Every structure is written in C-alpha cells, then in structure tokens.
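The file query30.cif contains mmCIF, C-alpha atoms:
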```cif
data_coords
loop_
_atom_site.group_PDB
_atom_site.id
_atom_site.type_symbol
_atom_site.label_atom_id
_atom_site.label_comp_id
_atom_site.auth_asym_id
_atom_site.auth_seq_id
_atom_site.Cartn_x
_atom_site.Cartn_y
_atom_site.Cartn_z
ATOM 1 C CA MET A 1 20.860 51.086 51.598
ATOM 2 C CA ARG A 2 19.569 47.788 50.305
ATOM 3 C CA ASN A 3 19.557 44.377 51.890
ATOM 4 C CA HIS A 4 20.538 41.688 49.440
ATOM 5 C CA ARG A 5 19.839 37.970 49.386
ATOM 6 C CA ASP A 6 23.419 37.306 50.516
ATOM 7 C CA GLY A 7 22.902 39.501 53.591
ATOM 8 C CA SER A 8 25.103 42.338 52.339
ATOM 9 C CA THR A 9 23.999 45.944 52.310
ATOM 10 C CA GLY A 10 24.898 48.724 49.994
ATOM 11 C CA GLU A 11 23.755 50.230 46.754
ATOM 12 C CA ARG A 12 21.924 47.935 44.409
ATOM 13 C CA VAL A 13 23.751 46.999 41.250
ATOM 14 C CA PRO A 14 21.255 47.239 38.389
ATOM 15 C CA SER A 15 20.589 43.917 36.693
ATOM 16 C CA SER A 16 20.699 45.596 33.302
ATOM 17 C CA THR A 17 21.524 48.802 31.531
ATOM 18 C CA PRO A 18 18.768 49.286 28.984
ATOM 19 C CA ALA A 19 19.807 50.689 25.619
ATOM 20 C CA GLY A 20 16.271 51.654 24.574
ATOM 21 C CA PRO A 21 13.048 52.229 26.451
ATOM 22 C CA SER A 22 13.218 51.278 30.120
ATOM 23 C CA PRO A 23 12.049 47.706 30.832
ATOM 24 C CA ASN A 24 10.684 48.975 34.162
ATOM 25 C CA ALA A 25 7.424 50.840 34.780
ATOM 26 C CA PHE A 26 9.184 52.994 37.399
ATOM 27 C CA THR A 27 11.463 55.839 36.347
ATOM 28 C CA PRO A 28 15.235 55.640 36.955
ATOM 29 C CA GLU A 29 14.957 58.696 39.216
ATOM 30 C CA TYR A 30 12.345 56.998 41.410
ATOM 31 C CA LEU A 31 14.383 53.775 41.593
ATOM 32 C CA ASP A 32 17.514 55.758 42.518
ATOM 33 C CA LEU A 33 15.607 57.438 45.358
ATOM 34 C CA LEU A 34 14.397 54.046 46.600
ATOM 35 C CA ASN A 35 17.971 52.719 46.502
ATOM 36 C CA GLN A 36 18.907 55.318 49.119
ATOM 37 C CA ARG A 37 16.474 53.831 51.665
ATOM 38 C CA ASP A 38 16.745 50.809 53.906
ATOM 39 C CA GLU A 39 14.702 47.906 52.637
ATOM 40 C CA PRO A 40 11.771 46.459 54.576
ATOM 41 C CA ALA A 41 12.155 43.091 56.301
ATOM 42 C CA SER A 42 10.337 41.442 53.374
ATOM 43 C CA ALA A 43 12.981 42.523 50.830
ATOM 44 C CA SER A 44 14.771 39.171 50.798
ATOM 45 C CA ASP A 45 11.442 37.434 50.063
ATOM 46 C CA ALA A 46 10.812 39.776 47.140
ATOM 47 C CA ASP A 47 14.366 39.439 45.835
ATOM 48 C CA ALA A 48 14.164 35.646 45.663
ATOM 49 C CA ALA A 49 10.462 35.182 44.891
ATOM 50 C CA GLY A 50 10.642 35.316 41.108
ATOM 51 C CA PRO A 51 8.680 34.124 39.201
ATOM 52 C CA TRP A 52 11.543 32.639 37.215
ATOM 53 C CA HIS A 53 11.952 31.530 33.633
ATOM 54 C CA LEU A 54 14.745 29.814 31.712
ATOM 55 C CA GLU A 55 16.504 31.109 28.635
ATOM 56 C CA ARG A 56 19.106 29.442 26.418
ATOM 57 C CA THR A 57 22.496 31.115 26.605
ATOM 58 C CA SER A 58 24.691 31.839 23.587
ATOM 59 C CA GLU A 59 27.019 29.067 24.843
ATOM 60 C CA GLY A 60 24.176 26.519 24.779
ATOM 61 C CA GLY A 61 23.523 26.559 28.522
ATOM 62 C CA TRP A 62 20.481 27.609 30.516
ATOM 63 C CA ALA A 63 20.075 30.908 32.363
ATOM 64 C CA VAL A 64 17.654 31.448 35.255
ATOM 65 C CA LEU A 65 16.047 34.899 35.026
ATOM 66 C CA ARG A 66 13.141 36.698 36.656
ATOM 67 C CA LEU A 67 10.014 37.031 34.557
ATOM 68 C CA GLY A 68 10.498 40.296 32.673
ATOM 69 C CA GLU A 69 14.281 39.888 32.430
ATOM 70 C CA SER A 70 16.123 38.803 29.305
ATOM 71 C CA LEU A 71 19.682 37.972 28.310
ATOM 72 C CA GLY A 72 19.058 39.902 25.102
ATOM 73 C CA ARG A 73 18.504 43.067 27.130
ATOM 74 C CA GLY A 74 21.662 42.464 29.138
ATOM 75 C CA ASP A 75 20.070 41.268 32.375
ATOM 76 C CA VAL A 76 22.370 39.248 34.608
ATOM 77 C CA PRO A 77 20.933 35.791 35.341
ATOM 78 C CA SER A 78 20.560 34.475 38.875
ATOM 79 C CA GLY A 79 22.143 31.263 37.652
ATOM 80 C CA ASP A 80 23.728 29.888 34.471
ATOM 81 C CA PHE A 81 23.965 26.117 34.005
ATOM 82 C CA ILE A 82 25.134 23.648 31.369
ATOM 83 C CA ARG A 83 22.099 21.362 31.805
ATOM 84 C CA PRO A 84 18.425 22.350 31.985
ATOM 85 C CA GLU A 85 17.624 20.212 35.040
ATOM 86 C CA PHE A 86 20.108 22.203 37.141
ATOM 87 C CA ALA A 87 18.514 25.464 35.994
ATOM 88 C CA LYS A 88 15.048 24.071 36.791
ATOM 89 C CA LEU A 89 16.160 23.029 40.275
ATOM 90 C CA THR A 90 17.544 26.512 40.842
ATOM 91 C CA ALA A 91 14.327 28.148 39.613
ATOM 92 C CA GLY A 92 12.373 25.936 42.004
ATOM 93 C CA LEU A 93 14.599 26.451 45.032
ATOM 94 C CA LEU A 94 15.493 30.154 44.715
ATOM 95 C CA PRO A 95 12.174 31.443 46.123
ATOM 96 C CA GLY A 96 12.631 29.410 49.304
ATOM 97 C CA THR A 97 15.994 31.040 50.000
ATOM 98 C CA GLY A 98 14.272 34.329 50.780
ATOM 99 C CA LYS A 99 11.500 32.943 52.970
ATOM 100 C CA SER A 100 11.515 32.939 56.745
ATOM 101 C CA LYS A 101 12.656 29.587 58.062
ATOM 102 C CA ARG A 102 9.800 27.919 59.939
ATOM 103 C CA PHE A 103 11.786 24.920 61.193
ATOM 104 C CA ARG A 104 14.485 25.351 63.802
ATOM 105 C CA GLN A 105 16.222 23.109 66.299
ATOM 106 C CA GLY A 106 16.869 23.849 69.947
ATOM 107 C CA LYS A 107 20.548 23.962 70.891
ATOM 108 C CA ASP A 108 20.191 22.151 74.216
ATOM 109 C CA HIS A 109 19.635 18.394 74.601
ATOM 110 C CA ASP A 110 16.682 17.898 76.957
ATOM 111 C CA GLY A 111 16.867 14.175 77.780
ATOM 112 C CA ARG A 112 14.767 13.127 74.767
ATOM 113 C CA GLY A 113 17.063 14.762 72.242
ATOM 114 C CA TYR A 114 17.251 18.151 70.575
ATOM 115 C CA PRO A 115 13.803 19.758 70.278
ATOM 116 C CA VAL A 116 12.504 20.674 66.830
ATOM 117 C CA TYR A 117 10.203 23.680 66.418
ATOM 118 C CA TYR A 118 7.872 24.731 63.609
ATOM 119 C CA ASP A 119 6.752 28.363 63.679
ATOM 120 C CA GLY A 120 7.946 28.474 67.284
ATOM 121 C CA ASP A 121 5.879 25.469 68.390
ATOM 122 C CA TRP A 122 7.585 22.283 69.581
ATOM 123 C CA ILE A 123 6.866 19.407 67.156
ATOM 124 C CA GLY A 124 9.391 16.708 68.073
ATOM 125 C CA HIS A 125 12.983 15.736 68.822
ATOM 126 C CA LEU A 126 16.082 14.593 66.968
ATOM 127 C CA PRO A 127 18.716 12.459 68.697
ATOM 128 C CA LEU A 128 21.535 14.608 67.265
ATOM 129 C CA PHE A 129 21.903 18.313 66.567
ATOM 130 C CA ASP A 130 21.487 18.333 62.784
ATOM 131 C CA GLU A 131 21.582 21.723 61.047
ATOM 132 C CA ASP A 132 21.625 20.088 57.602
ATOM 133 C CA LEU A 133 18.368 18.227 58.279
ATOM 134 C CA ILE A 134 16.702 21.407 59.580
ATOM 135 C CA ALA A 135 17.868 23.284 56.460
ATOM 136 C CA SER A 136 16.434 20.476 54.300
ATOM 137 C CA LEU A 137 13.119 20.620 56.165
ATOM 138 C CA ASN A 138 12.964 24.360 55.475
ATOM 139 C CA ILE A 139 13.645 23.770 51.766
ATOM 140 C CA ALA A 140 10.930 21.107 51.584
ATOM 141 C CA ASP A 141 8.528 23.353 53.519
ATOM 142 C CA ALA A 142 9.134 26.189 51.060
ATOM 143 C CA LEU A 143 8.471 23.857 48.112
ATOM 144 C CA LEU A 144 5.319 22.371 49.620
ATOM 145 C CA SER A 145 3.846 25.847 50.088
ATOM 146 C CA ALA A 146 4.579 26.995 46.521
ATOM 147 C CA PRO A 147 3.114 24.818 43.744
ATOM 148 C CA ASN A 148 4.898 26.741 40.966
ATOM 149 C CA ASP A 149 8.289 26.155 42.613
ATOM 150 C CA LEU A 150 7.497 22.488 43.284
ATOM 151 C CA ALA A 151 6.568 22.111 39.600
ATOM 152 C CA TRP A 152 10.071 23.304 38.586
ATOM 153 C CA VAL A 153 11.646 20.640 40.807
ATOM 154 C CA LEU A 154 9.305 17.918 39.535
ATOM 155 C CA ASP A 155 10.066 18.928 35.947
ATOM 156 C CA ALA A 156 13.787 18.672 36.695
ATOM 157 C CA ALA A 157 13.283 15.116 37.996
ATOM 158 C CA GLY A 158 12.492 13.774 34.526
ATOM 159 C CA GLY A 159 10.083 11.124 33.307
ATOM 160 C CA VAL A 160 11.594 7.993 34.873
ATOM 161 C CA ALA A 161 11.710 9.463 38.386
ATOM 162 C CA LEU A 162 8.187 10.889 38.028
ATOM 163 C CA GLU A 163 6.805 7.568 36.784
ATOM 164 C CA HIS A 164 8.183 5.773 39.856
ATOM 165 C CA THR A 165 7.106 8.624 42.126
ATOM 166 C CA GLY A 166 3.589 8.420 40.719
ATOM 167 C CA LYS A 167 3.372 4.677 41.431
ATOM 168 C CA ILE A 168 4.673 5.107 44.974
ATOM 169 C CA SER A 169 2.365 8.070 45.655
ATOM 170 C CA LEU A 170 -0.700 6.239 44.332
ATOM 171 C CA ALA A 171 0.089 3.148 46.426
ATOM 172 C CA ARG A 172 0.482 5.292 49.569
ATOM 173 C CA ALA A 173 -2.762 7.169 48.884
ATOM 174 C CA ARG A 174 -4.618 3.886 48.395
ATOM 175 C CA GLU A 175 -3.120 2.516 51.611
ATOM 176 C CA ASP A 176 -4.133 5.658 53.555
ATOM 177 C CA ALA A 177 -7.676 5.357 52.157
ATOM 178 C CA GLY A 178 -7.868 1.634 52.937
ATOM 179 C CA THR A 179 -8.239 0.837 49.245
ATOM 180 C CA PRO A 180 -6.502 -2.362 48.137
ATOM 181 C CA ALA A 181 -4.025 -2.125 45.297
ATOM 182 C CA PRO A 182 -5.275 -3.632 42.011
ATOM 183 C CA MET A 183 -3.935 -7.047 41.156
#
```

Representation of the structure as structure tokens:
Amino acid sequence: MRNHRDGSTGERVPSSTPAGPSPNAFTPEYLDLLNQRDEPASASDADAAGPWHLERTSEGGWAVLRLGESLGRGDVPSGDFIRPEFAKLTAGLLPGTGKSKRFRQGKDHDGRGYPVYYDGDWIGHLPLFDEDLIASLNIADALLSAPNDLAWVLDAAGGVALEHTGKISLARAREDAGTPAPM
C-alpha cells in the first residue's frame, strides 16, 4: 500500500507508461514489489519534494513536472496552468506540502490568547484561533528553508515586485545595521 500526498492509500498509479526503454533505473518488477509495501513516514516528503521543472503544453500552457518527467513521454503533470507565474508558484510551493508542519496553535485560550508553537516549543500568542495564519506560517517556513523553492516564488513575482522588494529589503538591512540610507 502507498501513502499519497492527498492522504489516500492504495496502489500507486504510474505517472507514465513508457513506450520504449524505461525512464527509471529500477525495473518494473522491483517497483511493483515496492508498491505492495506500506510507505515510510517520509513518503509524503519524497512525493512532493521535486525538484520540479516547467514544460510548455501543446495547448500553450505550462505543466509542472518532476525532474526526469516529460509530457512527451506521457508523464502526468502535478499541475497544468495557463500562465507561467501560476506554474512557478506551484513548483515553489509543492515541496512544502509534504513537509512536517513546524508551526501549530494551541486550541485553548490561556488568558493571553491562543499559544503558538514552533517544533513543539511555545513562541508566542495570537488573540484569535487562526488556522489560516498557522498554515501560512508553515508555507513561509517551508520556503525559507528551501532556496530552490523560494527562487521559484521570487521568479513568479516578476520584475516590478522584485525591484520594490529589493529596495525595501535593502532599506531594512541598512536600518538593522545602523547604516543611514543614501540621500
């Protein structure tokens, strides 16, 4: 049995049916035997980790595929988008969907608010129970720990956003260092 990114179990559906030589270093027999086993706890990390690349679709869109996969070979993309920035965002965020979530929020208000934990350690409080914010913190945490994934998201932002981001980041770094901004 396999554990899939969506939490389901069952036999793995191959991402492609090769017509020629196998695009995998492992034999079909070996892979079939592995498919009969339960996956380790790290399987969701491996399933989402990538690395990812983008390929143009025949309809003019953008497919998100694992490195080593190809539309030409019949592999099924992990995403198919009409604009490249959406595909880039997906390529950047997919790896974080398989990672363990390090941020979590306590369910009981303790007088100061709802406690927030990072890797099990208390780090602060929020006045309201906010699952969306905790999910966003986990996404940002995943991006900050993976430069390749962060680069996909930055690339999706485009030149105008990056130009403004660069100015803001430089001003903050100068402020933190006690360096005055140039006139």

Exercise. Neighbours of Asp149 in chain A within 9 Å (all atoms listed in the file; same-chain residues fewer than 2 positions away dropped), as a list of chain:residue names?
Worked result: A:Pro51, A:Leu89, A:Ala91, A:Gly92, A:Leu93, A:Leu94, A:Pro95, A:Gly96, A:Ala142, A:Leu143, A:Leu144, A:Ser145, A:Ala146, A:Pro147, A:Ala151, A:Trp152, A:Val153, A:Leu154

For this session: Would you kindly translate the PyMOL selection byres ((chain A and resi 109) around 10) into the concrete residues it picks from this file, as a PyMOL selection string?
Result: chain A and resi 106-108+110-115+125-129

Problem set entry | Test item: the PyMOL selection byres ((chain A and resi 70) around 12) resolved as a PyMOL selection string | chain A and resi 15-18+23+52-57+63-69+71-78

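Reported to one decimal place, the separation of CA of Ala140 in chain A from CA of Lys99 in chain A is 11.9 Å.
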
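The spacing separating CA of Ala156 in chain A from CA of Ala87 in chain A amounts to 8.3 Å.
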
Exercise. If you apply the PyMOL selection byres ((chain A and resi 102) around 10) to this file, what residues do you get, as a PyMOL selection string?
Worked result: chain A and resi 99-101+103-104+117-121+134-135+137-139+141-142

For this session: Give me, please, the distance in Å between CA of Gly98 in chain A and CA of Ala46 in chain A, quoted to one decimal.
Result: 7.4 Å

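Nearest residue to Gly79 in chain A, choosing from A:Trp62, A:Val160, A:Ala171, A:Trp122 and counting all atoms listed in the file: A:Trp62.
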
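Closest approach to Ala48 in chain A among A:Leu34, A:Gly158, A:Ala181, A:Thr97 is made by A:Thr97 (distances from only C-alpha atoms).
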
As lines of an AutoDock Vina configuration file, please: the centre and edge lengths in Å, to one decimal, of an axis-aligned box enclosing every listed atom of range 104-116 of chain A with 3 Å added on each side.
```
center_x = 16.5
center_y = 19.2
center_z = 70.8
size_x = 14.0
size_y = 18.2
size_z = 20.0
```
